$ cat run.csv   # CSV, C-alpha atoms
chain,number,residue,atom,x,y,z
A,27,MET,CA,-11.7,-24.1,6.4
A,28,ARG,CA,-14.2,-26.9,6.2
A,29,SER,CA,-17.9,-26.2,5.7
A,30,SER,CA,-20.8,-27.7,7.6
A,31,LEU,CA,-23.3,-29.9,5.8
A,32,PRO,CA,-26.7,-28.6,4.7
A,33,PRO,CA,-29.9,-30.2,6.0
A,34,ALA,CA,-31.8,-32.9,4.0
A,35,LEU,CA,-33.9,-31.5,1.2
A,36,LEU,CA,-36.0,-34.3,-0.2
A,37,ALA,CA,-38.7,-34.2,2.5
A,38,GLY,CA,-39.4,-30.5,1.6
A,39,ALA,CA,-38.8,-30.8,-2.1
A,40,GLN,CA,-41.0,-28.7,-4.4
A,41,ARG,CA,-42.9,-30.3,-7.2
A,42,ASN,CA,-42.3,-29.1,-10.7
A,43,VAL,CA,-38.9,-27.7,-9.8
A,44,PRO,CA,-35.9,-29.8,-10.8
A,45,LEU,CA,-34.3,-31.2,-7.7
A,46,ALA,CA,-30.9,-30.1,-8.9
A,47,VAL,CA,-32.2,-26.5,-9.0
A,48,GLN,CA,-33.5,-26.8,-5.5
A,49,ILE,CA,-30.2,-28.2,-4.2
A,50,ALA,CA,-28.3,-25.4,-6.0
A,51,ASP,CA,-30.6,-22.8,-4.3
A,52,GLN,CA,-29.9,-24.4,-0.9
A,53,LEU,CA,-26.2,-24.4,-1.4
A,54,ARG,CA,-26.3,-20.9,-2.7
A,55,GLY,CA,-28.1,-19.9,0.5
A,56,ARG,CA,-25.4,-21.4,2.6
A,57,ILE,CA,-22.9,-19.3,0.7
A,58,ALA,CA,-24.9,-16.1,0.8
A,59,SER,CA,-25.5,-16.5,4.6
A,60,GLY,CA,-21.8,-16.8,5.3
A,61,ASP,CA,-22.1,-20.4,6.6
A,62,TRP,CA,-19.8,-21.2,3.7
A,63,PRO,CA,-17.5,-18.1,3.4
A,64,VAL,CA,-15.3,-17.3,0.5
A,65,GLY,CA,-12.3,-19.5,0.6
A,66,ALA,CA,-14.0,-22.3,2.4
A,67,ARG,CA,-14.0,-25.9,1.1
A,68,ILE,CA,-17.5,-27.2,0.8
A,69,PRO,CA,-18.4,-30.8,1.8
A,70,SER,CA,-17.5,-33.5,-0.7
A,71,GLU,CA,-19.9,-34.8,-3.3
A,72,HIS,CA,-20.3,-38.0,-1.2
A,73,GLU,CA,-21.0,-36.0,1.9
A,74,LEU,CA,-23.5,-33.8,0.2
A,75,THR,CA,-25.3,-36.8,-1.4
A,76,ALA,CA,-25.6,-38.4,2.0
A,77,ALA,CA,-26.8,-35.3,3.8
A,78,LEU,CA,-29.3,-34.2,1.1
A,79,GLY,CA,-30.7,-37.6,0.4
A,80,ALA,CA,-30.3,-37.0,-3.3
A,81,SER,CA,-28.5,-39.0,-6.0
A,82,ARG,CA,-24.9,-38.3,-6.8
A,83,ASN,CA,-25.7,-37.1,-10.3
A,84,THR,CA,-28.3,-34.6,-9.0
A,85,VAL,CA,-25.8,-33.2,-6.5
A,86,ARG,CA,-23.1,-33.1,-9.2
A,87,GLU,CA,-25.4,-31.1,-11.5
A,88,ALA,CA,-26.2,-28.6,-8.7
A,89,VAL,CA,-22.6,-28.1,-7.9
A,90,ARG,CA,-21.7,-27.8,-11.6
A,91,GLY,CA,-24.3,-25.1,-12.0
A,92,LEU,CA,-22.7,-23.0,-9.2
A,93,VAL,CA,-19.3,-23.5,-10.7
A,94,HIS,CA,-20.5,-22.2,-14.0
A,95,ALA,CA,-22.1,-19.3,-12.1
A,96,GLY,CA,-18.7,-18.4,-10.6
A,97,LEU,CA,-19.7,-19.1,-7.0
A,98,LEU,CA,-17.6,-22.3,-6.7
A,99,GLN,CA,-14.2,-23.4,-7.9
A,100,PRO,CA,-13.2,-27.0,-8.2
A,101,ARG,CA,-9.6,-27.8,-7.4
A,102,PRO,CA,-8.7,-31.3,-8.7
A,103,GLY,CA,-7.5,-33.6,-5.9
A,104,ASP,CA,-8.4,-31.0,-3.3
A,105,GLY,CA,-12.1,-30.3,-3.4
A,106,THR,CA,-14.5,-27.5,-4.3
A,107,TYR,CA,-14.1,-24.0,-2.8
A,108,VAL,CA,-16.3,-21.0,-2.4
A,109,LEU,CA,-15.1,-18.3,-4.8
A,110,ALA,CA,-17.8,-15.6,-4.5
A,111,THR,CA,-21.0,-15.0,-2.5
A,112,SER,CA,-23.4,-14.3,-5.3
A,113,GLU,CA,-23.8,-14.0,-9.1
A,114,LEU,CA,-24.1,-10.3,-8.7
A,115,GLU,CA,-20.6,-10.2,-7.1
A,116,VAL,CA,-19.2,-12.3,-9.9
A,117,ALA,CA,-20.8,-10.2,-12.7
A,118,PHE,CA,-19.7,-7.0,-11.0
A,119,ARG,CA,-16.2,-8.2,-10.5
A,120,ARG,CA,-15.8,-9.3,-14.1
A,121,ARG,CA,-17.0,-5.9,-15.2
A,122,ALA,CA,-14.8,-4.0,-12.9
A,123,ARG,CA,-11.7,-6.0,-14.0
A,124,ALA,CA,-12.4,-4.9,-17.5
A,125,GLU,CA,-12.2,-1.2,-16.5
A,126,ARG,CA,-9.2,1.0,-16.0
A,127,ALA,CA,-8.0,1.2,-12.4
A,128,THR,CA,-8.9,4.9,-12.4
A,129,HIS,CA,-12.5,4.0,-13.1
A,130,VAL,CA,-12.5,1.4,-10.3
A,131,LEU,CA,-11.2,4.1,-8.0
A,132,GLU,CA,-14.1,6.4,-8.9
A,133,VAL,CA,-16.5,3.6,-7.9
A,134,ARG,CA,-14.5,3.0,-4.7
A,135,GLU,CA,-14.9,6.7,-4.0
A,136,ALA,CA,-18.7,6.7,-4.3
A,137,LEU,CA,-19.1,3.5,-2.2
A,138,GLU,CA,-16.5,4.3,0.5
A,139,ILE,CA,-17.6,7.8,1.2
A,140,HIS,CA,-21.3,6.9,1.5
A,141,ALA,CA,-20.4,3.8,3.6
A,142,ALA,CA,-18.3,6.0,5.9
A,143,ARG,CA,-21.3,8.2,6.6
A,144,LEU,CA,-23.6,5.2,7.2
A,145,ALA,CA,-21.0,3.5,9.5
A,146,ALA,CA,-20.8,6.7,11.6
A,147,VAL,CA,-24.6,6.3,12.2
A,148,ARG,CA,-24.9,2.6,12.5
A,149,ALA,CA,-21.6,1.2,14.0
A,150,ASP,CA,-21.6,0.1,17.6
A,151,ASP,CA,-18.7,0.0,20.1
A,152,ALA,CA,-17.7,-3.5,19.1
A,153,VAL,CA,-17.4,-2.6,15.5
A,154,VAL,CA,-15.3,0.5,16.4
A,155,ALA,CA,-13.0,-1.6,18.5
A,156,ALA,CA,-12.6,-4.1,15.7
A,157,LEU,CA,-11.7,-1.4,13.3
A,158,GLY,CA,-9.0,-0.1,15.6
A,159,ALA,CA,-7.6,-3.5,16.1
A,160,ARG,CA,-7.4,-4.0,12.4
A,161,LEU,CA,-5.3,-0.9,12.1
A,162,ASP,CA,-3.1,-2.1,14.9
A,163,GLU,CA,-2.6,-5.3,12.9
A,164,ARG,CA,-1.9,-3.4,9.7
A,165,ASP,CA,0.7,-1.2,11.4
A,166,ALA,CA,2.5,-4.2,12.8
A,167,GLN,CA,3.3,-5.5,9.3
A,168,ASP,CA,6.8,-5.0,8.0
A,169,ASP,CA,6.3,-5.7,4.3
A,170,VAL,CA,4.2,-3.9,1.8
A,171,ASP,CA,2.2,-6.9,0.6
A,172,SER,CA,1.0,-7.8,4.1
A,173,PHE,CA,0.4,-4.1,4.9
A,174,ARG,CA,-1.9,-3.8,1.8
A,175,GLU,CA,-3.8,-7.0,2.5
A,176,VAL,CA,-4.7,-5.8,6.0
A,177,ASP,CA,-5.4,-2.3,4.7
A,178,LEU,CA,-7.8,-3.8,2.2
A,179,ARG,CA,-9.6,-5.7,5.0
A,180,PHE,CA,-9.9,-2.6,7.0
A,181,HIS,CA,-11.7,-0.7,4.2
A,182,LEU,CA,-13.9,-3.7,3.6
A,183,GLU,CA,-14.8,-3.7,7.3
A,184,VAL,CA,-15.7,0.0,7.2
A,185,VAL,CA,-18.1,-0.7,4.4
A,186,ALA,CA,-19.5,-3.7,6.3
A,187,ALA,CA,-20.1,-1.4,9.2
A,188,ALA,CA,-22.6,0.5,7.1
A,189,ARG,CA,-24.8,-2.5,7.5
A,190,ASN,CA,-26.1,-2.4,4.0
A,191,PRO,CA,-25.7,-5.9,2.4
A,192,LEU,CA,-26.1,-4.7,-1.2
A,193,LEU,CA,-23.6,-1.9,-0.7
A,194,LEU,CA,-21.1,-4.5,0.7
A,195,GLU,CA,-21.8,-6.9,-2.1
A,196,LEU,CA,-21.0,-4.2,-4.7
A,197,TYR,CA,-17.9,-3.2,-2.9
A,198,GLU,CA,-16.6,-6.8,-2.6
A,199,GLY,CA,-17.0,-7.1,-6.4
A,200,LEU,CA,-14.4,-4.4,-7.1
A,201,ASP,CA,-10.9,-5.2,-8.0
A,202,ARG,CA,-9.6,-2.9,-5.3
A,203,ARG,CA,-6.1,-4.2,-5.6
A,204,SER,CA,-5.8,-2.6,-9.0
A,205,THR,CA,-6.2,0.8,-7.4
A,206,TYR,CA,-3.1,0.4,-5.3
A,207,PRO,CA,0.2,1.7,-6.7
A,208,ASP,CA,2.8,-0.7,-8.1
A,209,ASP,CA,5.8,1.4,-7.3
A,210,ASP,CA,8.4,1.0,-4.7
A,211,GLY,CA,6.0,-0.3,-2.0
A,212,ASP,CA,6.4,2.5,0.4
A,213,LEU,CA,4.4,1.9,3.6
A,214,SER,CA,3.8,5.6,3.9
A,215,MET,CA,0.5,5.3,2.0
A,216,ALA,CA,-1.1,5.6,5.5
A,217,VAL,CA,0.2,9.1,5.8
A,218,ASP,CA,-1.9,12.0,4.5
A,219,PRO,CA,0.5,14.6,3.0
A,220,ASP,CA,-2.1,17.3,3.2
A,221,ALA,CA,-2.3,17.0,7.0
A,222,PRO,CA,1.2,16.8,8.4
A,223,GLY,CA,1.2,16.2,12.1
A,224,ARG,CA,-2.5,15.2,12.3
A,225,GLY,CA,-1.9,11.5,12.2
A,226,ASP,CA,-3.0,8.6,10.1
A,227,PRO,CA,-6.4,9.5,8.5
A,228,HIS,CA,-7.5,5.9,8.9
A,229,ARG,CA,-7.4,6.5,12.7
A,230,LEU,CA,-9.3,9.7,12.2
A,231,LEU,CA,-12.0,7.8,10.3
A,232,VAL,CA,-12.4,5.3,13.1
A,233,ALA,CA,-12.6,8.2,15.5
A,234,ALA,CA,-15.3,9.9,13.4
A,235,ILE,CA,-17.3,6.6,13.3
A,236,ALA,CA,-16.9,6.2,17.1
A,237,ASP,CA,-18.2,9.8,17.6
A,238,HIS,CA,-21.2,9.1,15.3
A,239,ASP,CA,-20.2,12.0,13.2
A,240,PRO,CA,-21.2,11.3,9.5
A,241,ALA,CA,-19.9,14.7,8.2
A,242,ALA,CA,-16.4,14.1,9.7
A,243,ALA,CA,-16.4,10.5,8.5
A,244,GLN,CA,-17.2,11.7,5.0
A,245,GLU,CA,-14.5,14.3,5.1
A,246,VAL,CA,-11.8,11.8,6.2
A,247,ALA,CA,-13.0,9.2,3.7
A,248,THR,CA,-12.8,11.8,0.9
A,249,ARG,CA,-9.2,12.7,2.0
A,250,LEU,CA,-8.2,9.0,1.9
A,251,ILE,CA,-9.6,8.6,-1.6
A,252,ARG,CA,-7.9,11.8,-2.8
A,253,HIS,CA,-4.6,10.4,-1.4
A,254,ALA,CA,-5.2,7.0,-3.1
A,255,ARG,CA,-5.8,8.8,-6.4
A,256,ARG,CA,-2.5,10.7,-6.2
A,257,MET,CA,-0.6,7.5,-5.3
A,258,LEU,CA,-2.3,5.6,-8.2
A,259,HIS,CA,-1.5,8.3,-10.8
A,260,ARG,CA,2.2,7.6,-10.2
A,261,THR,CA,1.8,4.3,-12.0
A,262,VAL,CA,-1.1,4.8,-14.3
A,263,THR,CA,-0.8,6.3,-17.8
A,264,PRO,CA,-3.6,8.1,-19.6
A,265,GLU,CA,-4.3,4.9,-21.5
A,266,GLY,CA,-4.5,2.7,-18.4
A,267,ARG,CA,-2.2,0.9,-16.1
A,268,SER,CA,1.5,1.0,-17.2
$ encode --input "run.csv" --output "structure tokens"
Amino acid sequence: MRSSLPPALLAGAQRNVPLAVQIADQLRGRIASGDWPVGARIPSEHELTAALGASRNTVREAVRGLVHAGLLQPRPGDGTYVLATSELEVAFRRRARAERATHVLEVREALEIHAARLAAVRADDAVVAALGARLDERDAQDDVDSFREVDLRFHLEVVAAARNPLLLELYEGLDRRSTYPDDDGDLSMAVDPDAPGRGDPHRLLVAAIADHDPAAAQEVATRLIRHARRMLHRTVTPEGRS
């Protein structure tokens, strides 16, 4: 994905604030706003220099600062890509990666359950339809890696439906993949063994959100986390991941 160019900065430059800092703030704003999403390639140094009306050295310094902050990642011969949306996400992700998977799951529990309640209050019909479509996409996968990737996106979109940017940012910083089991890759993770015949609890969560029923959404989200914990414990030892 190619990112759009930012507007010129020099005309509105602030005195007593280094130009490289102002440019870095403007680029950071494009990332935070979603104009430059994670995974997107930002404009080249030459393009940024021309668009911003700044020297190449100043633009290089601004970009280097965002690389050091963990927001951007240079790929020699390819360009520079967005790696994270904010310094908070970077710091939280680094901290979460240092924790045991069971600890990450406990944080997932707190965030996902509260997000489910908020989503049941705030989500509109379009969001509900998108969640259902995401589950259709997940169920169409025939290998475990693709299934898990789409499942991860579904849970992220439930949290996004809570419409709380800080909650979403914290959630994005979690190493959620570490809380998925590394066993035989059984796609039955969507089945709740505590509720045979009641269907996929992910679908029940979407139904609770559609019904604007926070209590029901919380109940289903809790059940999903409980199931995830059981699955995880198959591959995690008391000292950490096996």
$ closest_residue --input "run.csv" --among "A:Arg249, A:Arg126, A:Arg174, A:Arg67" --to "Glu138 (chain A)" --atoms "only C-alpha atoms"
A:Arg249
$ atom_distance --input "run.csv" --atom1 "CA of Val116 (chain A)" --atom2 "CA of Arg189 (chain A)"
20.7 Å
$ closest_residue --input "run.csv" --among "A:Arg252, A:Pro191, A:Asp177, A:Ala145" --to "Pro240 (chain A)" --atoms "only C-alpha atoms"
A:Ala145
$ residues_around --input "run.csv" --residues "Ala110 (chain A)" --least-positions-apart "4" --cutoff "8 Å" --atoms "all atoms listed in the file" --output "ChimeraX atom specification"
/A:64,96-98,115-116
$ residues_around --input "run.csv" --residues "Thr106 (chain A)" --least-positions-apart "6" --cutoff "8 Å" --atoms "all atoms listed in the file" --output "ChimeraX atom specification"
/A:67-70,98-100
$ closest_residue --input "run.csv" --among "A:Glu195, A:Glu73, A:Asp169, A:Asp151" --to "Glu113 (chain A)" --atoms "only C-alpha atoms"
A:Glu195
$ atom_distance --input "run.csv" --atom1 "CA of Tyr206 (chain A)" --atom2 "CA of Leu258 (chain A)"
6.0 Å
